[in-house]
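**Q** So here's data24.pdb (PDB, C-alpha atoms, pLDDT in the B column).
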```pdb
ATOM      1  CA  MET M1286    -150.702-127.292-144.702  1.00 52.00           C
ATOM      2  CA  VAL M1287    -151.004-125.169-147.840  1.00 48.00           C
ATOM      3  CA  SER M1288    -150.701-126.989-151.127  1.00 56.00           C
ATOM      4  CA  LYS M1289    -148.372-125.933-153.928  1.00 53.00           C
ATOM      5  CA  TYR M1290    -151.437-124.718-155.819  1.00 51.00           C
ATOM      6  CA  GLY M1291    -152.473-122.594-152.840  1.00 54.00           C
ATOM      7  CA  MET M1292    -148.977-121.161-152.502  1.00 56.00           C
ATOM      8  CA  SER M1293    -149.052-120.259-156.179  1.00 60.00           C
ATOM      9  CA  ILE M1294    -152.319-118.385-155.728  1.00 58.00           C
ATOM     10  CA  VAL M1295    -150.927-116.463-152.754  1.00 51.00           C
ATOM     11  CA  ARG M1296    -147.774-115.492-154.656  1.00 57.00           C
ATOM     12  CA  SER M1297    -149.886-114.420-157.636  1.00 61.00           C
ATOM     13  CA  ALA M1298    -152.101-112.285-155.393  1.00 59.00           C
ATOM     14  CA  ARG M1299    -149.064-110.642-153.789  1.00 62.00           C
ATOM     15  CA  LEU M1300    -147.591-109.939-157.240  1.00 56.00           C
ATOM     16  CA  LYS M1301    -150.818-108.365-158.440  1.00 64.00           C
ATOM     17  CA  ARG M1302    -151.006-106.288-155.277  1.00 67.00           C
ATOM     18  CA  ARG M1303    -147.441-105.018-155.842  1.00 68.00           C
ATOM     19  CA  GLN M1304    -148.260-104.269-159.463  1.00 64.00           C
ATOM     20  CA  LEU M1305    -151.371-102.318-158.479  1.00 65.00           C
ATOM     21  CA  ILE M1306    -149.465-100.362-155.867  1.00 71.00           C
ATOM     22  CA  GLY M1307    -146.680 -99.662-158.355  1.00 65.00           C
ATOM     23  CA  PHE M1308    -149.188 -98.610-160.988  1.00 63.00           C
ATOM     24  CA  ALA M1309    -150.917 -96.309-158.519  1.00 63.00           C
ATOM     25  CA  LEU M1310    -147.617 -94.689-157.519  1.00 66.00           C
ATOM     26  CA  VAL M1311    -146.527 -94.214-161.129  1.00 67.00           C
ATOM     27  CA  SER M1312    -149.962 -92.814-162.059  1.00 70.00           C
ATOM     28  CA  ALA M1313    -149.845 -90.382-159.137  1.00 65.00           C
ATOM     29  CA  ALA M1314    -146.381 -89.217-160.160  1.00 67.00           C
ATOM     30  CA  ILE M1315    -147.390 -88.741-163.809  1.00 72.00           C
ATOM     31  CA  ASN M1316    -150.598 -86.992-162.794  1.00 68.00           C
ATOM     32  CA  GLY M1317    -148.610 -84.627-160.579  1.00 67.00           C
ATOM     33  CA  ILE M1318    -146.178 -83.819-163.381  1.00 66.00           C
ATOM     34  CA  VAL M1319    -148.993 -83.248-165.892  1.00 60.00           C
ATOM     35  CA  THR M1320    -150.954 -81.100-163.444  1.00 66.00           C
ATOM     36  CA  ALA M1321    -147.894 -79.004-162.647  1.00 58.00           C
ATOM     37  CA  SER M1322    -147.040 -78.612-166.342  1.00 56.00           C
ATOM     38  CA  VAL M1323    -150.587 -77.620-167.292  1.00 54.00           C
ATOM     39  CA  GLY M1324    -150.753 -75.226-164.367  1.00 60.00           C
ATOM     40  CA  ALA M1325    -147.481 -73.592-165.384  1.00 57.00           C
ATOM     41  CA  TRP M1326    -148.664 -73.303-169.004  1.00 46.00           C
ATOM     42  CA  LEU M1327    -151.973 -71.725-167.950  1.00 51.00           C
ATOM     43  CA  ALA M1328    -150.162 -69.262-165.715  1.00 57.00           C
ATOM     44  CA  GLN M1329    -147.724 -68.343-168.486  1.00 59.00           C
ATOM     45  CA  THR M1330    -150.554 -67.929-171.016  1.00 55.00           C
ATOM     46  CA  TYR M1331    -152.467 -65.641-168.668  1.00 56.00           C
ATOM     47  CA  SER M1332    -149.327 -63.649-167.890  1.00 63.00           C
ATOM     48  CA  GLN M1333    -148.624 -63.152-171.615  1.00 64.00           C
ATOM     49  CA  HIS M1334    -152.226 -62.114-172.156  1.00 60.00           C
ATOM     50  CA  GLN M1335    -152.023 -59.526-169.380  1.00 66.00           C
ATOM     51  CA  SER M1336    -148.725 -58.213-170.716  1.00 68.00           C
ATOM     52  CA  ARG M1337    -150.078 -57.832-174.253  1.00 71.00           C
ATOM     53  CA  ARG M1338    -153.265 -56.156-173.089  1.00 73.00           C
ATOM     54  CA  GLN M1339    -151.252 -53.719-170.988  1.00 74.00           C
ATOM     55  CA  SER M1340    -148.986 -52.947-173.941  1.00 75.00           C
ATOM     56  CA  ILE M1341    -151.969 -52.307-176.214  1.00 79.00           C
ATOM     57  CA  GLU M1342    -153.530 -50.057-173.589  1.00 80.00           C
ATOM     58  CA  ASN M1343    -150.241 -48.147-173.420  1.00 82.00           C
ATOM     59  CA  ILE M1344    -150.296 -47.644-177.182  1.00 82.00           C
ATOM     60  CA  GLY M1345    -153.819 -46.286-176.916  1.00 84.00           C
ATOM     61  CA  ASN M1346    -152.959 -44.008-174.002  1.00 87.00           C
ATOM     62  CA  LEU M1347    -149.909 -42.579-175.764  1.00 89.00           C
ATOM     63  CA  PHE M1348    -151.843 -42.024-178.987  1.00 90.00           C
ATOM     64  CA  TYR M1349    -154.840 -40.319-177.394  1.00 91.00           C
ATOM     65  CA  ALA M1350    -152.624 -38.185-175.176  1.00 94.00           C
ATOM     66  CA  ARG M1351    -150.696 -36.874-178.182  1.00 94.00           C
ATOM     67  CA  ARG M1352    -153.791 -36.317-180.323  1.00 93.00           C
ATOM     68  CA  THR M1353    -155.767 -34.664-177.524  1.00 94.00           C
ATOM     69  CA  ARG M1354    -152.968 -32.286-176.621  1.00 96.00           C
ATOM     70  CA  ALA M1355    -152.553 -31.387-180.289  1.00 96.00           C
ATOM     71  CA  GLY M1356    -156.251 -30.559-180.396  1.00 95.00           C
ATOM     72  CA  MET M1357    -155.887 -28.345-177.334  1.00 96.00           C
ATOM     73  CA  VAL M1358    -153.126 -26.329-179.007  1.00 96.00           C
ATOM     74  CA  ALA M1359    -155.198 -25.995-182.171  1.00 96.00           C
ATOM     75  CA  SER M1360    -158.165 -24.861-180.091  1.00 95.00           C
ATOM     76  CA  SER M1361    -156.096 -22.126-178.418  1.00 95.00           C
ATOM     77  CA  LEU M1362    -154.863 -20.938-181.795  1.00 96.00           C
ATOM     78  CA  ARG M1363    -158.366 -20.795-183.257  1.00 95.00           C
ATOM     79  CA  ARG M1364    -159.662 -18.836-180.245  1.00 94.00           C
ATOM     80  CA  ASN M1365    -156.735 -16.444-180.484  1.00 93.00           C
ATOM     81  CA  ALA M1366    -156.052 -17.230-176.825  1.00 94.00           C
ATOM     82  CA  PRO M1367    -153.288 -15.424-174.908  1.00 94.00           C
ATOM     83  CA  VAL M1368    -149.773 -16.464-175.854  1.00 94.00           C
ATOM     84  CA  GLU M1369    -149.224 -17.841-172.349  1.00 95.00           C
ATOM     85  CA  GLU M1370    -152.034 -20.378-172.836  1.00 95.00           C
ATOM     86  CA  VAL M1371    -150.833 -21.359-176.294  1.00 95.00           C
ATOM     87  CA  THR M1372    -147.267 -21.803-175.030  1.00 96.00           C
ATOM     88  CA  HIS M1373    -148.399 -23.842-172.018  1.00 96.00           C
ATOM     89  CA  ARG M1374    -150.476 -26.181-174.169  1.00 96.00           C
ATOM     90  CA  LYS M1375    -147.732 -26.495-176.767  1.00 96.00           C
ATOM     91  CA  ARG M1376    -145.272 -27.494-174.041  1.00 96.00           C
ATOM     92  CA  ALA M1377    -147.677 -30.217-172.841  1.00 96.00           C
ATOM     93  CA  TYR M1378    -148.081 -31.397-176.434  1.00 96.00           C
ATOM     94  CA  ASP M1379    -144.307 -31.596-176.876  1.00 96.00           C
ATOM     95  CA  GLU M1380    -144.107 -33.850-173.817  1.00 96.00           C
ATOM     96  CA  ALA M1381    -146.739 -36.180-175.321  1.00 95.00           C
ATOM     97  CA  TYR M1382    -144.817 -36.070-178.611  1.00 94.00           C
ATOM     98  CA  VAL M1383    -141.641 -37.240-176.868  1.00 94.00           C
ATOM     99  CA  ASP M1384    -143.499 -39.982-174.984  1.00 92.00           C
ATOM    100  CA  TRP M1385    -145.000 -41.319-178.203  1.00 90.00           C
ATOM    101  CA  ASN M1386    -141.794 -41.281-180.216  1.00 87.00           C
ATOM    102  CA  SER M1387    -139.629 -42.720-177.447  1.00 87.00           C
ATOM    103  CA  ASN M1388    -141.984 -45.715-177.310  1.00 83.00           C
ATOM    104  CA  ILE M1389    -142.564 -46.184-181.032  1.00 77.00           C
ATOM    105  CA  ARG M1390    -140.154 -49.116-181.440  1.00 77.00           C
ATOM    106  CA  LYS M1391    -141.652 -50.925-178.471  1.00 77.00           C
ATOM    107  CA  ASN M1392    -145.123 -50.364-179.907  1.00 72.00           C
ATOM    108  CA  LEU M1393    -144.083 -51.941-183.193  1.00 72.00           C
ATOM    109  CA  PHE M1394    -142.726 -54.971-181.349  1.00 74.00           C
ATOM    110  CA  VAL M1395    -146.067 -55.320-179.559  1.00 73.00           C
ATOM    111  CA  ILE M1396    -147.837 -55.382-182.928  1.00 70.00           C
ATOM    112  CA  ARG M1397    -145.397 -58.026-184.165  1.00 70.00           C
ATOM    113  CA  GLU M1398    -146.014 -60.203-181.123  1.00 71.00           C
ATOM    114  CA  VAL M1399    -149.799 -59.904-181.305  1.00 68.00           C
ATOM    115  CA  MET M1400    -149.685 -60.785-184.999  1.00 64.00           C
ATOM    116  CA  GLY M1401    -147.738 -63.926-184.143  1.00 63.00           C
ATOM    117  CA  LYS M1402    -144.656 -62.980-186.147  1.00 59.00           C
ATOM    118  CA  THR M1403    -141.015 -63.481-185.264  1.00 54.00           C
ATOM    119  CA  ASP M1404    -139.896 -60.973-187.869  1.00 54.00           C
ATOM    120  CA  PHE M1405    -141.456 -57.958-189.603  1.00 55.00           C
ATOM    121  CA  ALA M1406    -145.275 -57.997-189.725  1.00 63.00           C
ATOM    122  CA  ARG M1407    -147.221 -56.259-192.494  1.00 70.00           C
ATOM    123  CA  LEU M1408    -149.232 -54.427-189.877  1.00 70.00           C
ATOM    124  CA  GLU M1409    -146.060 -52.736-188.629  1.00 72.00           C
ATOM    125  CA  GLN M1410    -145.555 -51.083-192.020  1.00 76.00           C
ATOM    126  CA  SER M1411    -149.213 -50.095-192.147  1.00 76.00           C
ATOM    127  CA  PHE M1412    -148.935 -48.666-188.640  1.00 77.00           C
ATOM    128  CA  GLU M1413    -146.074 -46.417-189.732  1.00 79.00           C
ATOM    129  CA  ASP M1414    -147.557 -45.514-193.118  1.00 82.00           C
ATOM    130  CA  ASP M1415    -150.986 -44.603-191.755  1.00 84.00           C
ATOM    131  CA  LEU M1416    -151.108 -43.742-188.068  1.00 85.00           C
ATOM    132  CA  VAL M1417    -147.552 -42.483-187.570  1.00 88.00           C
ATOM    133  CA  ALA M1418    -147.741 -40.530-190.822  1.00 90.00           C
ATOM    134  CA  ALA M1419    -151.029 -38.897-189.788  1.00 91.00           C
ATOM    135  CA  LEU M1420    -149.557 -37.848-186.452  1.00 93.00           C
ATOM    136  CA  SER M1421    -146.524 -36.448-188.273  1.00 93.00           C
ATOM    137  CA  ASP M1422    -148.818 -34.398-190.515  1.00 94.00           C
ATOM    138  CA  ILE M1423    -150.537 -33.017-187.424  1.00 95.00           C
ATOM    139  CA  ASP M1424    -147.187 -32.156-185.875  1.00 95.00           C
ATOM    140  CA  ARG M1425    -145.917 -30.279-188.928  1.00 96.00           C
ATOM    141  CA  CYS M1426    -149.157 -28.343-189.252  1.00 96.00           C
ATOM    142  CA  LEU M1427    -149.353 -27.533-185.557  1.00 95.00           C
ATOM    143  CA  THR M1428    -145.720 -26.485-185.267  1.00 96.00           C
ATOM    144  CA  LYS M1429    -145.957 -24.138-188.250  1.00 96.00           C
ATOM    145  CA  ALA M1430    -149.196 -22.609-186.956  1.00 96.00           C
ATOM    146  CA  TYR M1431    -147.697 -22.178-183.496  1.00 96.00           C
ATOM    147  CA  ASP M1432    -144.600 -20.464-184.885  1.00 96.00           C
ATOM    148  CA  GLU M1433    -146.824 -18.089-186.853  1.00 95.00           C
ATOM    149  CA  ARG M1434    -148.841 -17.249-183.732  1.00 94.00           C
ATOM    150  CA  ILE M1435    -145.715 -16.613-181.634  1.00 94.00           C
ATOM    151  CA  ALA M1436    -144.450 -14.316-184.380  1.00 93.00           C
ATOM    152  CA  GLY M1437    -147.683 -12.334-184.165  1.00 91.00           C
ATOM    153  CA  ARG M1438    -149.143 -13.615-187.404  1.00 92.00           C
ATOM    154  CA  ASP M1439    -152.264 -15.656-188.209  1.00 91.00           C
ATOM    155  CA  GLY M1440    -151.809 -19.269-187.085  1.00 92.00           C
ATOM    156  CA  VAL M1441    -155.397 -20.175-187.951  1.00 94.00           C
ATOM    157  CA  ALA M1442    -154.723 -19.625-191.635  1.00 95.00           C
ATOM    158  CA  VAL M1443    -151.984 -22.258-191.423  1.00 95.00           C
ATOM    159  CA  LEU M1444    -154.307 -24.743-189.719  1.00 95.00           C
ATOM    160  CA  ASN M1445    -156.847 -24.256-192.484  1.00 95.00           C
ATOM    161  CA  ALA M1446    -154.244 -24.503-195.247  1.00 95.00           C
ATOM    162  CA  CYS M1447    -152.903 -27.851-194.031  1.00 94.00           C
ATOM    163  CA  LYS M1448    -156.448 -29.167-193.397  1.00 94.00           C
ATOM    164  CA  MET M1449    -155.852 -29.739-189.718  1.00 94.00           C
ATOM    165  CA  ALA M1450    -159.466 -30.756-189.018  1.00 93.00           C
ATOM    166  CA  GLU M1451    -159.434 -33.510-191.642  1.00 94.00           C
ATOM    167  CA  VAL M1452    -156.046 -34.894-190.615  1.00 93.00           C
ATOM    168  CA  TYR M1453    -157.057 -34.732-186.963  1.00 93.00           C
ATOM    169  CA  GLN M1454    -160.161 -36.847-187.648  1.00 93.00           C
ATOM    170  CA  PHE M1455    -158.230 -39.275-189.841  1.00 91.00           C
ATOM    171  CA  ALA M1456    -155.724 -39.849-187.045  1.00 91.00           C
ATOM    172  CA  LEU M1457    -158.583 -40.635-184.671  1.00 90.00           C
ATOM    173  CA  ASP M1458    -160.081 -43.140-187.109  1.00 88.00           C
ATOM    174  CA  CYS M1459    -156.706 -44.830-187.565  1.00 86.00           C
ATOM    175  CA  GLY M1460    -155.866 -44.926-183.863  1.00 86.00           C
ATOM    176  CA  ALA M1461    -159.272 -46.261-182.840  1.00 85.00           C
ATOM    177  CA  THR M1462    -159.189 -48.966-185.515  1.00 85.00           C
ATOM    178  CA  TYR M1463    -155.647 -50.114-184.732  1.00 81.00           C
ATOM    179  CA  THR M1464    -156.165 -50.372-180.996  1.00 81.00           C
ATOM    180  CA  ASN M1465    -159.528 -52.099-181.433  1.00 83.00           C
ATOM    181  CA  GLU M1466    -158.130 -54.743-183.793  1.00 80.00           C
ATOM    182  CA  LEU M1467    -155.050 -55.351-181.653  1.00 78.00           C
ATOM    183  CA  PHE M1468    -157.281 -55.673-178.596  1.00 76.00           C
ATOM    184  CA  LYS M1469    -159.402 -58.330-180.326  1.00 78.00           C
ATOM    185  CA  LEU M1470    -156.360 -60.260-181.553  1.00 74.00           C
ATOM    186  CA  SER M1471    -154.921 -60.353-178.050  1.00 71.00           C
ATOM    187  CA  ARG M1472    -158.034 -61.894-176.478  1.00 67.00           C
ATOM    188  CA  LEU M1473    -157.434 -64.513-173.809  1.00 59.00           C
ATOM    189  CA  SER M1474    -157.611 -68.123-174.988  1.00 55.00           C
ATOM    190  CA  PHE M1475    -156.250 -71.303-173.468  1.00 48.00           C
ATOM    191  CA  LEU M1476    -156.550 -73.167-176.762  1.00 54.00           C
ATOM    192  CA  PRO M1477    -153.273 -73.600-178.685  1.00 50.00           C
ATOM    193  CA  PHE M1478    -153.213 -71.724-182.000  1.00 49.00           C
ATOM    194  CA  ALA M1479    -156.523 -70.043-181.079  1.00 48.00           C
ATOM    195  CA  THR M1480    -155.601 -66.911-183.050  1.00 50.00           C
ATOM    196  CA  ARG M1481    -155.842 -68.145-186.582  1.00 63.00           C
ATOM    197  CA  GLU M1482    -154.063 -66.696-189.569  1.00 67.00           C
ATOM    198  CA  GLN M1483    -157.464 -65.748-190.980  1.00 68.00           C
ATOM    199  CA  ASP M1484    -158.122 -63.583-187.915  1.00 70.00           C
ATOM    200  CA  ARG M1485    -154.911 -61.676-188.576  1.00 69.00           C
ATOM    201  CA  THR M1486    -155.681 -61.318-192.282  1.00 70.00           C
ATOM    202  CA  ASP M1487    -159.165 -59.992-191.517  1.00 74.00           C
ATOM    203  CA  ALA M1488    -157.734 -57.518-189.006  1.00 69.00           C
ATOM    204  CA  GLU M1489    -155.243 -56.242-191.576  1.00 71.00           C
ATOM    205  CA  ALA M1490    -158.032 -55.817-194.136  1.00 72.00           C
ATOM    206  CA  ARG M1491    -160.243 -53.845-191.733  1.00 73.00           C
ATOM    207  CA  ILE M1492    -157.346 -51.587-190.757  1.00 71.00           C
ATOM    208  CA  LYS M1493    -156.406 -51.004-194.385  1.00 73.00           C
ATOM    209  CA  LYS M1494    -160.010 -50.094-195.199  1.00 73.00           C
TER     210      LYS M1494
END
```
Output the file's structure in the form of C-alpha coordinates.

**A**
Amino acid sequence: MVSKYGMSIVRSARLKRRQLIGFALVSAAINGIVTASVGAWLAQTYSQHQSRRQSIENIGNLFYARRTRAGMVASSLRRNAPVEEVTHRKRAYDEAYVDWNSNIRKNLFVIREVMGKTDFARLEQSFEDDLVAALSDIDRCLTKAYDERIAGRDGVAVLNACKMAEVYQFALDCGATYTNELFKLSRLSFLPFATREQDRTDAEARIKK
(Lines of atoms letter the chains of each structure in order from A and count residues from 1; the text may use other names and numbers.)
(Lines give C-alpha, C1' and ligand atoms only; values in the text may rest on other atoms or scores of the structure.)
Protein backbone atom coordinates (compact mmCIF):
# COMPACT_ATOMS: atom_id res chain seq x y z
CA MET A 1 0.00 0.00 0.00
CA VAL A 2 1.39 3.38 -1.04
CA SER A 3 1.53 6.03 1.64
CA LYS A 4 0.14 9.53 1.25
CA TYR A 5 3.72 10.77 0.98
CA GLY A 6 4.40 8.29 -1.83
CA MET A 7 1.23 9.31 -3.64
CA SER A 8 2.30 12.93 -3.39
CA ILE A 9 5.66 12.12 -4.97
CA VAL A 10 3.98 10.25 -7.83
CA ARG A 11 1.57 13.13 -8.50
CA SER A 12 4.46 15.59 -8.40
CA ALA A 13 6.44 13.48 -10.87
CA ARG A 14 3.45 13.25 -13.22
CA LEU A 15 2.96 17.03 -13.00
CA LYS A 16 6.61 17.68 -13.81
CA ARG A 17 6.42 15.26 -16.71
CA ARG A 18 3.36 17.08 -18.10
CA GLN A 19 5.11 20.41 -17.64
CA LEU A 20 8.21 19.17 -19.47
CA ILE A 21 6.12 17.79 -22.31
CA GLY A 22 4.15 21.03 -22.50
CA PHE A 23 7.35 23.06 -22.46
CA ALA A 24 8.84 20.92 -25.21
CA LEU A 25 5.73 21.32 -27.38
CA VAL A 26 5.60 25.08 -26.85
CA SER A 27 9.35 25.38 -27.55
CA ALA A 28 8.99 23.35 -30.75
CA ALA A 29 6.12 25.54 -31.90
CA ILE A 30 8.01 28.77 -31.15
CA ASN A 31 11.15 27.42 -32.79
CA GLY A 32 9.16 26.54 -35.90
CA ILE A 33 7.62 30.01 -36.07
CA VAL A 34 10.99 31.72 -35.57
CA THR A 35 12.68 29.49 -38.14
CA ALA A 36 9.93 30.13 -40.68
CA SER A 37 10.04 33.89 -40.03
CA VAL A 38 13.83 34.07 -40.32
CA GLY A 39 13.73 31.95 -43.46
CA ALA A 40 11.12 34.21 -45.03
CA TRP A 41 13.14 37.31 -44.10
CA LEU A 42 16.34 35.86 -45.58
CA ALA A 43 14.52 34.93 -48.77
CA GLN A 44 12.99 38.40 -49.05
CA THR A 45 16.36 40.08 -48.40
CA TYR A 46 18.05 37.99 -51.08
CA SER A 47 15.21 38.65 -53.52
CA GLN A 48 15.49 42.42 -52.94
CA HIS A 49 19.24 42.22 -53.40
CA GLN A 50 18.86 40.39 -56.71
CA SER A 51 16.24 42.87 -57.89
CA ARG A 52 18.42 45.88 -57.05
CA ARG A 53 21.50 44.38 -58.66
CA GLN A 54 19.51 43.62 -61.81
CA SER A 55 18.16 47.17 -61.89
CA ILE A 56 21.65 48.64 -61.51
CA GLU A 57 22.94 46.38 -64.27
CA ASN A 58 20.09 47.62 -66.47
CA ILE A 59 21.10 51.22 -65.81
CA GLY A 60 24.65 50.38 -66.82
CA ASN A 61 23.55 48.51 -69.94
CA LEU A 62 21.29 51.35 -71.08
CA PHE A 63 23.98 53.96 -70.44
CA TYR A 64 26.78 52.12 -72.23
CA ALA A 65 24.52 51.23 -75.14
CA ARG A 66 23.60 54.88 -75.68
CA ARG A 67 27.16 56.17 -75.25
CA THR A 68 28.69 53.48 -77.46
CA ARG A 69 26.22 54.03 -80.27
CA ALA A 70 26.83 57.78 -80.06
CA GLY A 71 30.54 57.09 -80.44
CA MET A 72 29.87 54.94 -83.49
CA VAL A 73 27.97 57.77 -85.18
CA ALA A 74 30.74 60.23 -84.34
CA SER A 75 33.30 57.80 -85.74
CA SER A 76 31.41 57.53 -89.04
CA LEU A 77 31.22 61.31 -89.28
CA ARG A 78 34.94 61.75 -88.62
CA ARG A 79 35.83 59.13 -91.25
CA ASN A 80 33.50 60.77 -93.75
CA ALA A 81 31.86 57.37 -94.17
CA PRO A 82 29.09 56.82 -96.74
CA VAL A 83 25.76 58.37 -95.83
CA GLU A 84 24.19 54.92 -95.63
CA GLU A 85 26.54 53.93 -92.79
CA VAL A 86 26.02 57.20 -90.94
CA THR A 87 22.24 56.88 -91.27
CA HIS A 88 22.27 53.25 -90.12
CA ARG A 89 24.34 54.06 -87.05
CA LYS A 90 22.26 57.12 -86.25
CA ARG A 91 19.10 55.00 -86.37
CA ALA A 92 20.65 52.52 -83.90
CA TYR A 93 21.66 55.42 -81.66
CA ASP A 94 18.11 56.81 -81.72
CA GLU A 95 16.82 53.43 -80.53
CA ALA A 96 19.28 53.50 -77.60
CA TYR A 97 18.21 57.09 -76.91
CA VAL A 98 14.57 56.03 -76.65
CA ASP A 99 15.43 53.06 -74.42
CA TRP A 100 17.37 55.28 -72.04
CA ASN A 101 14.78 58.02 -71.79
CA SER A 102 11.81 55.67 -71.48
CA ASN A 103 13.51 54.11 -68.44
CA ILE A 104 14.84 57.27 -66.82
CA ARG A 105 12.11 57.53 -64.16
CA LYS A 106 12.54 53.89 -63.18
CA ASN A 107 16.30 54.43 -62.93
CA LEU A 108 15.78 57.34 -60.55
CA PHE A 109 13.53 55.20 -58.37
CA VAL A 110 16.25 52.54 -58.24
CA ILE A 111 18.71 55.16 -56.99
CA ARG A 112 16.20 56.27 -54.36
CA GLU A 113 15.70 52.71 -53.15
CA VAL A 114 19.42 51.93 -52.99
CA MET A 115 20.01 55.15 -51.06
CA GLY A 116 17.40 54.05 -48.53
CA LYS A 117 15.08 57.00 -49.14
CA THR A 118 11.30 57.04 -49.30
CA ASP A 119 11.27 60.41 -51.01
CA PHE A 120 13.69 62.39 -53.19
CA ALA A 121 17.37 61.45 -52.73
CA ARG A 122 20.17 63.95 -53.34
CA LEU A 123 21.82 61.46 -55.66
CA GLU A 124 18.79 61.62 -57.97
CA GLN A 125 19.38 65.33 -58.56
CA SER A 126 23.08 64.71 -59.09
CA PHE A 127 22.26 61.92 -61.53
CA GLU A 128 20.17 64.31 -63.62
CA ASP A 129 22.53 67.27 -63.31
CA ASP A 130 25.65 65.32 -64.24
CA LEU A 131 25.07 62.10 -66.15
CA VAL A 132 21.77 62.94 -67.86
CA ALA A 133 23.05 66.42 -68.71
CA ALA A 134 26.24 65.00 -70.24
CA LEU A 135 24.25 62.59 -72.38
CA SER A 136 22.01 65.47 -73.47
CA ASP A 137 25.09 67.46 -74.51
CA ILE A 138 26.26 64.50 -76.57
CA ASP A 139 22.85 64.20 -78.20
CA ARG A 140 22.67 67.87 -79.19
CA CYS A 141 26.18 67.80 -80.60
CA LEU A 142 25.66 64.54 -82.45
CA THR A 143 22.30 65.54 -83.90
CA LYS A 144 23.63 68.85 -85.21
CA ALA A 145 26.70 67.18 -86.72
CA TYR A 146 24.54 64.50 -88.32
CA ASP A 147 22.20 67.08 -89.84
CA GLU A 148 25.20 68.93 -91.28
CA ARG A 149 26.55 65.71 -92.81
CA ILE A 150 23.19 64.79 -94.36
CA ALA A 151 23.02 68.28 -95.84
CA GLY A 152 26.41 67.73 -97.46
CA ARG A 153 28.33 69.99 -95.12
CA ASP A 154 31.14 69.35 -92.63
CA GLY A 155 29.81 67.47 -89.58
CA VAL A 156 33.29 67.06 -88.10
CA ALA A 157 33.59 70.80 -87.58
CA VAL A 158 30.46 70.65 -85.43
CA LEU A 159 31.85 67.79 -83.35
CA ASN A 160 35.01 69.78 -82.72
CA ALA A 161 33.11 72.98 -81.92
CA CYS A 162 30.96 71.34 -79.25
CA LYS A 163 33.97 69.44 -77.83
CA MET A 164 32.45 66.04 -78.45
CA ALA A 165 35.57 64.15 -77.33
CA GLU A 166 35.66 65.85 -73.93
CA VAL A 167 31.94 65.46 -73.27
CA TYR A 168 32.09 61.85 -74.42
CA GLN A 169 34.85 61.08 -71.90
CA PHE A 170 33.08 62.99 -69.13
CA ALA A 171 29.94 60.93 -69.68
CA LEU A 172 31.99 57.75 -69.36
CA ASP A 173 33.54 58.94 -66.10
CA CYS A 174 30.12 59.83 -64.70
CA GLY A 175 28.45 56.61 -65.81
CA ALA A 176 31.24 54.38 -64.51
CA THR A 177 31.30 56.17 -61.14
CA TYR A 178 27.53 56.10 -60.65
CA THR A 179 27.11 52.43 -61.48
CA ASN A 180 30.13 51.47 -59.37
CA GLU A 181 28.87 53.33 -56.29
CA LEU A 182 25.32 52.03 -56.67
CA PHE A 183 26.70 48.51 -57.06
CA LYS A 184 28.66 48.83 -53.80
CA LEU A 185 25.69 50.28 -51.91
CA SER A 186 23.49 47.41 -53.02
CA ARG A 187 25.84 44.70 -51.72
CA LEU A 188 24.19 41.70 -50.10
CA SER A 189 23.99 41.79 -46.30
CA PHE A 190 21.78 39.91 -43.88
CA LEU A 191 22.50 42.39 -41.09
CA PRO A 192 19.73 44.94 -40.44
CA PHE A 193 20.77 48.52 -41.23
CA ALA A 194 24.02 47.21 -42.76
CA THR A 195 24.14 50.12 -45.23
CA ARG A 196 24.97 52.99 -42.98
CA GLU A 197 24.21 56.62 -43.63
CA GLN A 198 27.96 57.26 -43.76
CA ASP A 199 28.26 54.81 -46.67
CA ARG A 200 25.68 56.80 -48.61
CA THR A 201 27.33 60.12 -47.75
CA ASP A 202 30.72 58.81 -48.89
CA ALA A 203 29.21 57.53 -52.13
CA GLU A 204 27.64 60.92 -52.82
CA ALA A 205 30.98 62.65 -52.17
CA ARG A 206 32.89 60.34 -54.54
CA ILE A 207 30.28 60.82 -57.27
CA LYS A 208 30.32 64.59 -56.83
CA LYS A 209 34.12 64.61 -57.08

**Q** Which neighbours of Lys1448 in chain M fall inside 12 Å, counting only C-alpha atoms, when residues of the same chain fewer than 4 positions from it are skipped, and could you give them as number ranges by chain?

**A** M: 1359, 1419, 1422-1423, 1425-1427, 1430, 1441-1444, 1452-1455

**Q** List the residues matched by the PyMOL selection byres ((chain M and resi 1360-1362) around 9) in the displayed structure as a count of residues only, ordered by chain and then by residue number.

**A** 21

**Q** Contacts of Asn1392 in chain M at 9 Å or less, counting only C-alpha atoms, minus same-chain residues fewer than 6 places along, as an MDAnalysis selection string?

**A** chainID M and resid 1340:1341 1343:1344

**Q** The residues within 10 Å of (-149.1, -42.5, -186.1), using all atoms listed in the file and the coordinates of the file, should be reported as a PyMOL selection string; which are they?

**A** chain M and resi 1348+1351-1352+1385-1386+1389+1411-1423+1456-1457+1459-1460

**Q** CA of Glu1342 in chain M and CA of Phe1468 in chain M, how far apart in Å?

**A**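 Separation between CA of Phe1468 in chain M and CA of Glu1342 in chain M: 8.4 Å.
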
**Q** Could you check which of M:Arg1390, M:Leu1408, M:Asp1379, M:Thr1464 is closest to Asp1487 in chain M, using all atoms listed in the file?

**A**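 Comparing M:Arg1390, M:Leu1408, M:Asp1379, M:Thr1464 against Asp1487 in chain M, the winner is M:Leu1408.
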
**Q** Take CA of Lys1375 in chain M and CA of Ala1350 in chain M and report the distance between them in Å, one decimal.

**A** 12.8 Å

**Q** So the first atom is CA of Asp1484 in chain M and the second is CA of Gly1345 in chain M; what is the distance between them in Å, to one decimal place?

**A**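 Between CA of Asp1484 in chain M and CA of Gly1345 in chain M the gap works out to 20.9 Å.
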